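Asker: Hey, dropping my_file-v7.txt in here, compact mmCIF, C-alpha atoms:
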```
# COMPACT_ATOMS: atom_id res chain seq x y z
CA MET M 1153 -96.47 -109.59 38.32
CA SER M 1154 -95.52 -106.46 40.21
CA LEU M 1155 -99.19 -105.43 40.36
CA MET M 1156 -100.21 -108.84 41.73
CA LEU M 1157 -97.57 -108.62 44.47
CA ASN M 1158 -98.73 -105.09 45.17
CA LEU M 1159 -102.35 -106.18 45.53
CA VAL M 1160 -101.55 -109.15 47.78
CA LEU M 1161 -99.53 -106.88 50.09
CA LEU M 1162 -102.31 -104.27 50.08
CA VAL M 1163 -104.90 -106.88 51.06
CA PHE M 1164 -102.65 -107.96 53.96
CA LEU M 1165 -102.25 -104.30 54.86
CA LEU M 1166 -106.02 -103.79 54.98
CA VAL M 1167 -106.41 -106.90 57.15
CA MET M 1168 -103.70 -105.61 59.52
CA ALA M 1169 -105.33 -102.17 59.76
CA ILE M 1170 -108.70 -103.77 60.59
CA ALA M 1171 -106.99 -106.05 63.14
CA VAL M 1172 -105.46 -102.98 64.84
CA LEU M 1173 -108.95 -101.45 64.91
CA LYS M 1174 -110.65 -104.56 66.31
CA THR M 1175 -108.25 -105.91 68.92
CA LYS M 1176 -108.97 -104.95 72.53
CA HIS M 1177 -105.57 -105.99 73.83
CA LEU M 1178 -103.17 -103.07 73.45
CA PHE M 1179 -99.95 -105.15 73.51
CA ALA M 1180 -101.30 -107.27 70.67
CA MET M 1181 -102.18 -104.03 68.91
CA ALA M 1182 -98.57 -102.82 69.22
CA MET M 1183 -97.31 -106.03 67.61
CA LEU M 1184 -99.92 -105.86 64.82
CA PHE M 1185 -98.90 -102.27 64.22
CA GLY M 1186 -95.26 -103.35 63.84
CA LEU M 1187 -96.37 -105.97 61.33
CA TYR M 1188 -98.38 -103.33 59.48
CA SER M 1189 -95.30 -101.10 59.17
CA LEU M 1190 -93.22 -104.04 57.93
CA LEU M 1191 -95.80 -104.73 55.20
CA VAL M 1192 -95.66 -101.05 54.22
CA ALA M 1193 -91.87 -101.34 53.96
CA GLY M 1194 -92.35 -104.36 51.68
CA LEU M 1195 -94.74 -102.38 49.52
CA PHE M 1196 -92.17 -99.59 49.18
CA VAL M 1197 -89.68 -102.12 47.77
CA VAL M 1198 -92.26 -103.23 45.19
CA LEU M 1199 -92.86 -99.56 44.32
CA ASP M 1200 -89.12 -99.02 43.56
CA ALA M 1201 -88.46 -96.99 46.70
CA PRO M 1202 -85.76 -98.85 48.69
CA ASP M 1203 -84.63 -95.71 50.55
CA VAL M 1204 -88.13 -95.13 51.86
CA ALA M 1205 -88.40 -98.85 52.69
CA PHE M 1206 -85.22 -98.68 54.81
CA THR M 1207 -86.54 -95.69 56.69
CA GLU M 1208 -89.97 -97.24 57.22
CA ALA M 1209 -88.47 -100.54 58.41
CA ALA M 1210 -86.12 -98.80 60.85
CA VAL M 1211 -88.30 -95.92 62.00
CA GLY M 1212 -91.86 -97.18 61.49
CA THR M 1213 -91.41 -100.83 62.45
CA GLY M 1214 -88.59 -100.33 64.94
CA ILE M 1215 -88.82 -97.04 66.78
CA SER M 1216 -92.62 -96.58 66.59
CA THR M 1217 -93.32 -100.05 67.97
CA VAL M 1218 -90.72 -99.64 70.71
CA LEU M 1219 -92.21 -96.25 71.65
CA MET M 1220 -95.67 -97.80 71.78
CA LEU M 1221 -94.44 -100.65 74.00
CA VAL M 1222 -92.58 -98.23 76.30
CA THR M 1223 -95.75 -96.15 76.67
CA LEU M 1224 -97.81 -99.26 77.42
CA ALA M 1225 -95.24 -100.43 79.97
CA SER M 1226 -95.22 -97.08 81.77
CA ILE M 1227 -99.00 -96.63 81.89
CA LYS M 1228 -99.55 -100.23 83.07
CA ASP M 1229 -102.89 -100.54 81.33
CA GLY M 1230 -103.03 -103.17 78.60
CA HIS M 1231 -106.75 -103.22 77.89
CA GLU M 1232 -109.05 -100.92 76.04
CA ALA M 1233 -112.45 -100.11 77.54
CA VAL M 1234 -115.47 -100.91 75.37
CA SER M 1235 -116.46 -97.82 73.40
CA SER M 1236 -120.09 -96.78 73.39
CA THR M 1237 -122.05 -97.53 70.22
CA LYS M 1238 -123.08 -93.90 70.04
CA ARG M 1239 -119.65 -92.81 68.86
CA LYS M 1240 -119.44 -95.47 66.16
CA ILE M 1241 -122.16 -94.48 63.68
CA GLY M 1242 -121.16 -90.85 63.12
CA PRO M 1243 -117.48 -91.64 62.41
CA LEU M 1244 -118.50 -94.51 60.11
CA ILE M 1245 -120.61 -92.16 57.99
CA ILE M 1246 -117.81 -89.56 57.90
CA CYS M 1247 -115.25 -92.18 56.82
CA LEU M 1248 -117.51 -93.71 54.16
CA VAL M 1249 -118.36 -90.31 52.67
CA MET M 1250 -114.72 -89.17 52.73
CA GLY M 1251 -113.51 -92.49 51.28
CA GLY M 1252 -116.12 -92.24 48.52
CA LEU M 1253 -115.06 -88.70 47.68
CA LEU M 1254 -111.37 -89.68 47.60
CA ILE M 1255 -112.10 -92.65 45.32
CA PHE M 1256 -114.08 -90.29 43.10
CA GLY M 1257 -111.02 -88.03 43.13
CA THR M 1258 -108.73 -90.80 41.84
CA HIS M 1259 -110.75 -90.80 38.63
CA ASP M 1260 -108.50 -88.12 37.13
CA ILE M 1261 -105.21 -89.58 38.33
CA ALA M 1262 -103.10 -91.37 35.74
CA LYS M 1263 -103.10 -95.12 36.24
CA LEU M 1264 -100.37 -96.75 38.32
CA GLY M 1265 -97.03 -96.85 36.47
CA GLU M 1266 -97.92 -94.35 33.74
CA ILE M 1267 -94.68 -92.78 32.45
CA HIS M 1268 -96.10 -89.49 31.17
CA SER M 1269 -98.14 -88.41 34.16
CA PRO M 1270 -97.89 -84.90 35.66
CA PRO M 1271 -95.82 -85.98 38.69
CA ASN M 1272 -93.27 -87.72 36.45
CA ASP M 1273 -92.99 -85.18 33.63
CA GLN M 1274 -92.08 -81.97 35.41
CA VAL M 1275 -89.13 -81.38 37.73
CA ALA M 1276 -88.55 -85.10 38.38
CA ALA M 1277 -87.51 -85.65 34.76
CA TYR M 1278 -84.88 -82.94 35.22
CA TYR M 1279 -83.56 -84.61 38.40
CA ILE M 1280 -83.26 -87.94 36.59
CA THR M 1281 -81.41 -86.56 33.54
CA GLN M 1282 -79.21 -83.95 35.27
CA GLY M 1283 -79.02 -85.19 38.87
CA GLN M 1284 -75.82 -87.17 38.70
CA ALA M 1285 -74.00 -84.62 36.53
CA GLU M 1286 -74.88 -81.73 38.85
CA THR M 1287 -74.38 -83.34 42.25
CA GLY M 1288 -72.08 -86.29 41.56
CA VAL M 1289 -74.29 -88.69 43.53
CA PRO M 1290 -75.64 -91.72 41.61
CA ASN M 1291 -78.47 -92.28 44.10
CA LEU M 1292 -80.97 -89.65 42.96
CA VAL M 1293 -82.98 -89.82 46.19
CA THR M 1294 -79.89 -88.82 48.15
CA ALA M 1295 -79.02 -86.18 45.55
CA VAL M 1296 -82.43 -84.50 45.87
CA LEU M 1297 -82.60 -84.95 49.65
CA ALA M 1298 -79.21 -83.48 50.47
CA SER M 1299 -78.55 -81.12 47.57
CA TYR M 1300 -81.60 -79.84 45.65
CA ARG M 1301 -83.88 -79.87 48.70
CA GLY M 1302 -81.31 -79.48 51.45
CA PHE M 1303 -83.40 -76.81 53.18
CA ASP M 1304 -86.31 -79.27 53.40
CA THR M 1305 -84.04 -81.62 55.29
CA LEU M 1306 -82.93 -78.76 57.54
CA GLY M 1307 -86.60 -78.08 58.28
CA GLU M 1308 -87.11 -81.77 59.05
CA VAL M 1309 -84.22 -81.70 61.52
CA THR M 1310 -85.79 -78.63 63.16
CA VAL M 1311 -89.10 -80.47 63.58
CA VAL M 1312 -87.36 -83.52 65.06
CA LEU M 1313 -85.39 -81.26 67.43
CA THR M 1314 -88.58 -79.48 68.52
CA ALA M 1315 -90.34 -82.80 69.12
CA GLY M 1316 -87.33 -84.04 71.08
CA ILE M 1317 -87.35 -80.92 73.28
CA GLY M 1318 -91.11 -81.36 73.77
CA VAL M 1319 -90.73 -84.99 74.88
CA LEU M 1320 -87.88 -84.04 77.23
CA LEU M 1321 -89.93 -81.23 78.77
CA LEU M 1322 -92.96 -83.47 79.21
CA LEU M 1323 -91.17 -86.48 80.64
CA GLY M 1324 -88.15 -84.85 82.29
CA GLN M 1325 -90.39 -82.98 84.70
CA ARG M 1326 -92.27 -86.18 85.42
CA ARG M 1327 -89.27 -87.93 86.91
CA LYS M 1328 -88.85 -85.17 89.52
CA ILE M 1329 -92.50 -85.43 90.57
CA HIS M 1330 -92.17 -89.18 90.70
CA VAL M 1331 -89.18 -88.98 93.07
CA LYS M 1332 -90.97 -86.41 95.25
CA LYS M 1333 -94.06 -88.60 95.53
CA ARG M 1334 -91.97 -91.58 96.51
CA GLY M 1335 -90.22 -89.49 99.18
CA GLN M 1336 -93.58 -88.33 100.51
CA THR M 1337 -95.02 -91.81 100.74
CA HIS M 1338 -91.81 -92.91 102.39
CA ASP M 1339 -92.20 -90.16 105.01
CA ASP M 1340 -95.85 -91.12 105.55
CA GLN M 1341 -94.88 -94.67 106.31
CA MET P 473 -112.90 -100.79 31.81
CA ILE P 474 -110.74 -103.63 33.15
CA GLU P 475 -107.65 -101.61 32.29
CA TYR P 476 -109.07 -98.65 34.22
CA ILE P 477 -109.79 -100.82 37.29
CA LEU P 478 -106.35 -102.48 37.20
CA GLY P 479 -104.71 -99.09 36.91
CA HIS P 480 -106.60 -97.58 39.84
CA ILE P 481 -107.34 -100.49 42.23
CA ASN P 482 -104.03 -99.82 43.96
CA TYR P 483 -105.19 -96.32 44.90
CA TRP P 484 -108.58 -97.63 46.07
CA PHE P 485 -106.99 -100.11 48.45
CA ILE P 486 -104.73 -97.39 49.84
CA ILE P 487 -107.78 -95.15 50.40
CA ALA P 488 -109.55 -98.05 52.17
CA VAL P 489 -106.57 -98.46 54.53
CA MET P 490 -106.53 -94.68 55.03
CA MET P 491 -110.21 -94.69 56.02
CA VAL P 492 -109.73 -97.61 58.44
CA GLY P 493 -107.03 -95.48 60.10
CA LEU P 494 -109.28 -92.43 60.22
CA TYR P 495 -112.14 -94.49 61.65
CA THR P 496 -109.83 -95.86 64.37
CA LEU P 497 -108.79 -92.28 65.13
CA ILE P 498 -112.33 -90.92 65.51
CA SER P 499 -114.33 -93.83 66.91
CA ARG P 500 -112.05 -95.25 69.62
CA ALA P 501 -111.82 -93.53 72.99
CA ASN P 502 -108.48 -95.08 73.98
CA LEU P 503 -105.69 -92.55 73.39
CA ILE P 504 -103.04 -95.11 72.38
CA LYS P 505 -105.42 -96.60 69.85
CA LYS P 506 -106.12 -93.13 68.51
CA LEU P 507 -102.38 -92.60 67.95
CA ALA P 508 -102.12 -95.98 66.19
CA GLY P 509 -105.01 -94.93 63.93
CA LEU P 510 -103.26 -91.65 63.21
CA ALA P 511 -100.06 -93.49 62.30
CA ILE P 512 -101.99 -95.85 59.98
CA PHE P 513 -103.68 -92.90 58.29
CA GLN P 514 -100.32 -91.23 57.82
CA THR P 515 -98.58 -94.32 56.39
CA ALA P 516 -101.42 -94.74 53.92
CA VAL P 517 -100.96 -91.15 52.70
CA ILE P 518 -97.21 -91.76 52.35
CA LEU P 519 -97.92 -94.96 50.41
CA PHE P 520 -100.23 -93.02 48.09
CA TYR P 521 -97.54 -90.46 47.29
CA VAL P 522 -94.86 -93.08 46.64
CA SER P 523 -97.22 -95.04 44.36
CA LEU P 524 -97.74 -91.88 42.27
CA GLY P 525 -94.02 -91.95 41.37
CA LYS P 526 -93.95 -95.59 40.25
CA VAL P 527 -93.13 -96.14 36.58
CA THR P 528 -93.96 -99.46 34.91
CA GLY P 529 -90.74 -101.16 33.82
CA GLY P 530 -88.73 -98.51 35.62
CA THR P 531 -86.06 -99.28 38.15
CA VAL P 532 -84.91 -97.88 41.47
CA PRO P 533 -83.70 -94.25 40.98
CA ILE P 534 -79.99 -95.01 41.26
CA VAL P 535 -78.17 -94.02 38.07
CA ASP P 536 -76.44 -96.86 36.25
CA GLU P 537 -75.39 -97.25 32.62
CA ALA P 538 -77.36 -100.49 32.25
CA TYR P 539 -80.73 -98.74 32.82
CA THR P 540 -82.47 -95.81 31.20
CA LEU P 541 -85.92 -95.85 32.81
CA TYR P 542 -86.16 -94.84 36.47
CA SER P 543 -89.03 -94.37 38.92
CA ASN P 544 -89.67 -90.85 40.14
CA PRO P 545 -87.28 -89.93 43.00
CA LEU P 546 -89.14 -86.77 44.08
CA PRO P 547 -92.15 -88.28 45.95
CA GLN P 548 -89.74 -90.70 47.63
CA VAL P 549 -87.60 -87.85 48.96
CA LEU P 550 -90.61 -85.93 50.26
CA MET P 551 -92.06 -89.01 51.94
CA LEU P 552 -88.70 -89.86 53.53
CA THR P 553 -89.01 -86.54 55.34
CA ALA P 554 -92.66 -87.21 56.18
CA ILE P 555 -91.91 -90.60 57.83
CA VAL P 556 -89.30 -89.12 60.17
CA VAL P 557 -91.47 -86.12 61.07
CA GLY P 558 -94.39 -88.51 61.63
CA VAL P 559 -92.45 -90.57 64.14
CA ALA P 560 -91.33 -87.39 65.94
CA THR P 561 -94.95 -86.26 66.34
CA THR P 562 -96.03 -89.76 67.41
CA ALA P 563 -93.32 -89.73 70.08
CA LEU P 564 -94.64 -86.40 71.35
CA GLY P 565 -98.15 -87.89 71.39
CA PHE P 566 -97.01 -90.86 73.48
CA ALA P 567 -95.25 -88.53 75.92
CA LEU P 568 -98.54 -86.62 76.30
CA VAL P 569 -100.40 -89.90 76.88
CA ILE P 570 -97.99 -90.79 79.71
CA ARG P 571 -98.58 -87.36 81.32
CA ILE P 572 -102.36 -87.66 80.90
CA LYS P 573 -102.29 -91.08 82.55
CA GLU P 574 -100.43 -89.58 85.52
CA ALA P 575 -102.81 -86.63 85.83
CA TYR P 576 -106.13 -88.45 85.29
CA ASN P 577 -105.19 -92.08 85.98
CA THR P 578 -106.94 -93.14 82.77
CA ILE P 579 -106.31 -92.98 79.02
CA GLU P 580 -109.95 -93.32 77.96
CA GLU P 581 -111.23 -90.09 76.45
CA ASP P 582 -114.76 -90.49 77.89
CA ALA P 583 -113.47 -90.92 81.45
CA ILE P 584 -111.17 -87.89 81.06
CA PHE P 585 -114.14 -85.84 79.83
CA THR P 586 -116.29 -86.85 82.83
CA LEU P 587 -113.44 -85.95 85.21
CA ASP P 588 -113.12 -82.53 83.53
CA GLN P 589 -116.88 -81.98 83.84
CA LYS P 590 -116.71 -82.76 87.58
CA ASP P 591 -113.84 -80.26 87.95
CA HIS P 592 -115.97 -77.49 86.43
CA GLU P 593 -118.90 -78.08 88.76
```
Before we go any further, please render this structure as structure tokens.
Answerer:
Amino acid sequence: MSLMLNLVLLVFLLVMAIAVLKTKHLFAMAMLFGLYSLLVAGLFVVLDAPDVAFTEAAVGTGISTVLMLVTLASIKDGHEAVSSTKRKIGPLIICLVMGGLLIFGTHDIAKLGEIHSPPNDQVAAYYITQGQAETGVPNLVTAVLASYRGFDTLGEVTVVLTAGIGVLLLLGQRRKIHVKKRGQTHDDQ
Amino acid sequence: MIEYILGHINYWFIIAVMMVGLYTLISRANLIKKLAGLAIFQTAVILFYVSLGKVTGGTVPIVDEAYTLYSNPLPQVLMLTAIVVGVATTALGFALVIRIKEAYNTIEEDAIFTLDQKDHE
């Protein structure tokens, strides 16, 4: 049952990804991308990861789509130019070869839902048995995020801060230039 | 054989989505479309990691006396971080696109390349 739901959502996901690839209208692409993220959030729920689903629904579907729309609004260019056919064949070969190699690589991975697979047997088993006793948090994802791997989260915050500073530097300067230009054109008139 | 396919088809679909994202990233000249392709590629990788931690018959990793079998919380934690970092980098990418549009008045890679070539001559 869970696998069927999983497969249906994955087929939708593939259709959405191809739709994002094919559509020429960038606003439509932004909406399709939001839909894609929402389907991913649904898949996370099926895969027993509600915390990741929350984050994906809020950050992937919400913020990403809004950022994309804001960018489209400020560049005032809603259409994609037709790409030359020359740059389509090489990438297609690269993607097919890489996809083939990755599928070959899944040969050794334990099948979906296997209890005694390497990712589930090692440190994760310890988190599940000892997590609540050691941290006092019943939600093990929170326990690992904030306690066992707190420094990871600190690193994440650093990355977000750096990206925020980068965006401010890139766009903060822009506003000044914009005002200057307006003033100049005003003087010209 | 059928058991093998049913156990792995999930991964194959995720790899197909991943490759569609990669193809969008490489083959399209439009910078916004490239970023969308990058985001699709990234979400597919995240999905792959989370699906590695799924346990059949297991439940959400929140401890309760009524359950004994839980899915693996570790990939979920790592991917939680990856999603947020991914959006931060995408935001930076969009900011760059806005600046490129102002400098070159286009967001098509081919046109930007021709303009650069003209500058060098």
Asker: Dump as a ChimeraX atom specification the residues of chain P that approach chain M to within 7 Å, counting only C-alpha atoms.
Answerer: /P:479-480,482,484-485,487-489,491-496,498-502,523-528,531-535,543-546,548-549,552-553,555,557,559-561,563-564,566-567,570,573
Asker: One number please: atom CA of P:Asp582 to atom CA of P:Gly558, in Å, one decimal.
Answerer: 26.1 Å
Asker: Please, what is the axis-aligned box for every listed atom of stretch 1195-1198 of chain M with 5 Å on each side, as centre and edge lengths in Å to one decimal, as lines of an AutoDock Vina configuration file?
Answerer:
```
center_x = -92.2
center_y = -101.4
center_z = 47.4
size_x = 15.1
size_y = 13.6
size_z = 14.3
```
Asker: Could you jot down the atom CA of P:Leu497 to atom CA of M:Ala1209 separation for me, Å, one decimal place?
Answerer: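 Between atom CA of P:Leu497 and atom CA of M:Ala1209 the gap is 22.9 Å.
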Asker: Quick one: of P:Ala583, P:Leu568, P:Met490, P:Ile477, who's nearest to P:Ala511, counting all atoms listed in the file?
Answerer: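 Among the listed residues, P:Met490 lies closest to P:Ala511.
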Asker: Quick one: distance from atom CA of P:Val569 to atom CA of M:Leu1191 in Å, one decimal?
Answerer: 26.7 Å
Asker: So, with all atoms listed in the file as the atoms that count, which of P:Leu587, P:Ile512, P:Leu478, P:Ala554 lies closest to M:Thr1213?
Answerer: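 Among the listed residues, P:Ile512 lies closest to M:Thr1213.
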Asker: Looking at P:Thr515, P:Lys590, P:Ile481, P:Glu475, which one is nearest to M:Val1160, with distances taken over all atoms listed in the file?
Answerer: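 Of all the options, P:Ile481 lies closest to M:Val1160.
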Asker: I'd like to know which of M:Thr1287, M:Gly1230, M:Leu1190, M:Ala1171 is closest to M:Ser1299, using only C-alpha atoms.
Answerer: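 Ranking M:Thr1287, M:Gly1230, M:Leu1190, M:Ala1171 by distance to M:Ser1299, first place goes to M:Thr1287.
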Asker: Just checking: using only C-alpha atoms, which residue out of P:Ile474, P:Leu503, P:Asn577, P:Tyr521 ends up closest to P:Ile486?
Answerer: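 Among the listed residues, the smallest separation from P:Ile486 belongs to P:Tyr521.
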Asker: Generate all heavy atoms for stretch 1305-1316 of chain M and emit them as a compact mmCIF listing (two decimals), in the coordinates of the input.
Answerer:
```
# COMPACT_ATOMS: atom_id res chain seq x y z
N THR M 1305 -84.62 -80.72 54.29
CA THR M 1305 -84.04 -81.62 55.29
C THR M 1305 -83.68 -80.86 56.56
O THR M 1305 -83.86 -81.36 57.67
CB THR M 1305 -82.82 -82.33 54.70
OG1 THR M 1305 -83.17 -82.85 53.43
CG2 THR M 1305 -82.36 -83.47 55.58
N LEU M 1306 -83.21 -79.61 56.38
CA LEU M 1306 -82.93 -78.76 57.54
C LEU M 1306 -84.21 -78.53 58.35
O LEU M 1306 -84.22 -78.61 59.58
CB LEU M 1306 -82.32 -77.44 57.09
CG LEU M 1306 -81.86 -76.51 58.21
CD1 LEU M 1306 -80.66 -77.10 58.92
CD2 LEU M 1306 -81.51 -75.13 57.65
N GLY M 1307 -85.30 -78.26 57.62
CA GLY M 1307 -86.60 -78.08 58.28
C GLY M 1307 -87.02 -79.33 59.03
O GLY M 1307 -87.53 -79.26 60.16
N GLU M 1308 -86.78 -80.49 58.41
CA GLU M 1308 -87.11 -81.77 59.05
C GLU M 1308 -86.34 -81.92 60.36
O GLU M 1308 -86.91 -82.30 61.39
CB GLU M 1308 -86.76 -82.90 58.09
CG GLU M 1308 -86.88 -84.29 58.68
CD GLU M 1308 -86.13 -85.32 57.85
OE1 GLU M 1308 -85.74 -85.00 56.70
OE2 GLU M 1308 -85.93 -86.43 58.34
N VAL M 1309 -85.05 -81.59 60.31
CA VAL M 1309 -84.22 -81.70 61.52
C VAL M 1309 -84.75 -80.78 62.61
O VAL M 1309 -84.80 -81.14 63.79
CB VAL M 1309 -82.75 -81.40 61.19
CG1 VAL M 1309 -81.91 -81.35 62.45
CG2 VAL M 1309 -82.19 -82.44 60.26
N THR M 1310 -85.21 -79.57 62.19
CA THR M 1310 -85.79 -78.63 63.16
C THR M 1310 -87.02 -79.22 63.84
O THR M 1310 -87.18 -79.12 65.07
CB THR M 1310 -86.16 -77.31 62.45
OG1 THR M 1310 -85.10 -76.95 61.59
CG2 THR M 1310 -86.42 -76.22 63.46
N VAL M 1311 -87.88 -79.87 63.01
CA VAL M 1311 -89.10 -80.47 63.58
C VAL M 1311 -88.73 -81.57 64.57
O VAL M 1311 -89.29 -81.66 65.67
CB VAL M 1311 -90.00 -81.02 62.45
CG1 VAL M 1311 -91.14 -81.82 63.03
CG2 VAL M 1311 -90.53 -79.90 61.59
N VAL M 1312 -87.76 -82.42 64.18
CA VAL M 1312 -87.36 -83.52 65.06
C VAL M 1312 -86.78 -82.97 66.36
O VAL M 1312 -87.08 -83.46 67.45
CB VAL M 1312 -86.36 -84.44 64.34
CG1 VAL M 1312 -85.81 -85.48 65.31
CG2 VAL M 1312 -87.02 -85.13 63.18
N LEU M 1313 -85.97 -81.89 66.24
CA LEU M 1313 -85.39 -81.26 67.43
C LEU M 1313 -86.48 -80.72 68.35
O LEU M 1313 -86.46 -80.94 69.57
CB LEU M 1313 -84.45 -80.13 67.01
CG LEU M 1313 -83.76 -79.39 68.15
CD1 LEU M 1313 -82.69 -80.26 68.77
CD2 LEU M 1313 -83.16 -78.08 67.67
N THR M 1314 -87.47 -80.04 67.73
CA THR M 1314 -88.58 -79.48 68.52
C THR M 1314 -89.34 -80.59 69.24
O THR M 1314 -89.66 -80.48 70.43
CB THR M 1314 -89.54 -78.70 67.60
OG1 THR M 1314 -88.77 -77.89 66.73
CG2 THR M 1314 -90.48 -77.84 68.40
N ALA M 1315 -89.62 -81.67 68.50
CA ALA M 1315 -90.34 -82.80 69.12
C ALA M 1315 -89.52 -83.39 70.25
O ALA M 1315 -90.06 -83.73 71.32
CB ALA M 1315 -90.65 -83.86 68.06
N GLY M 1316 -88.21 -83.50 70.04
CA GLY M 1316 -87.33 -84.04 71.08
C GLY M 1316 -87.36 -83.18 72.33
O GLY M 1316 -87.48 -83.69 73.45
```
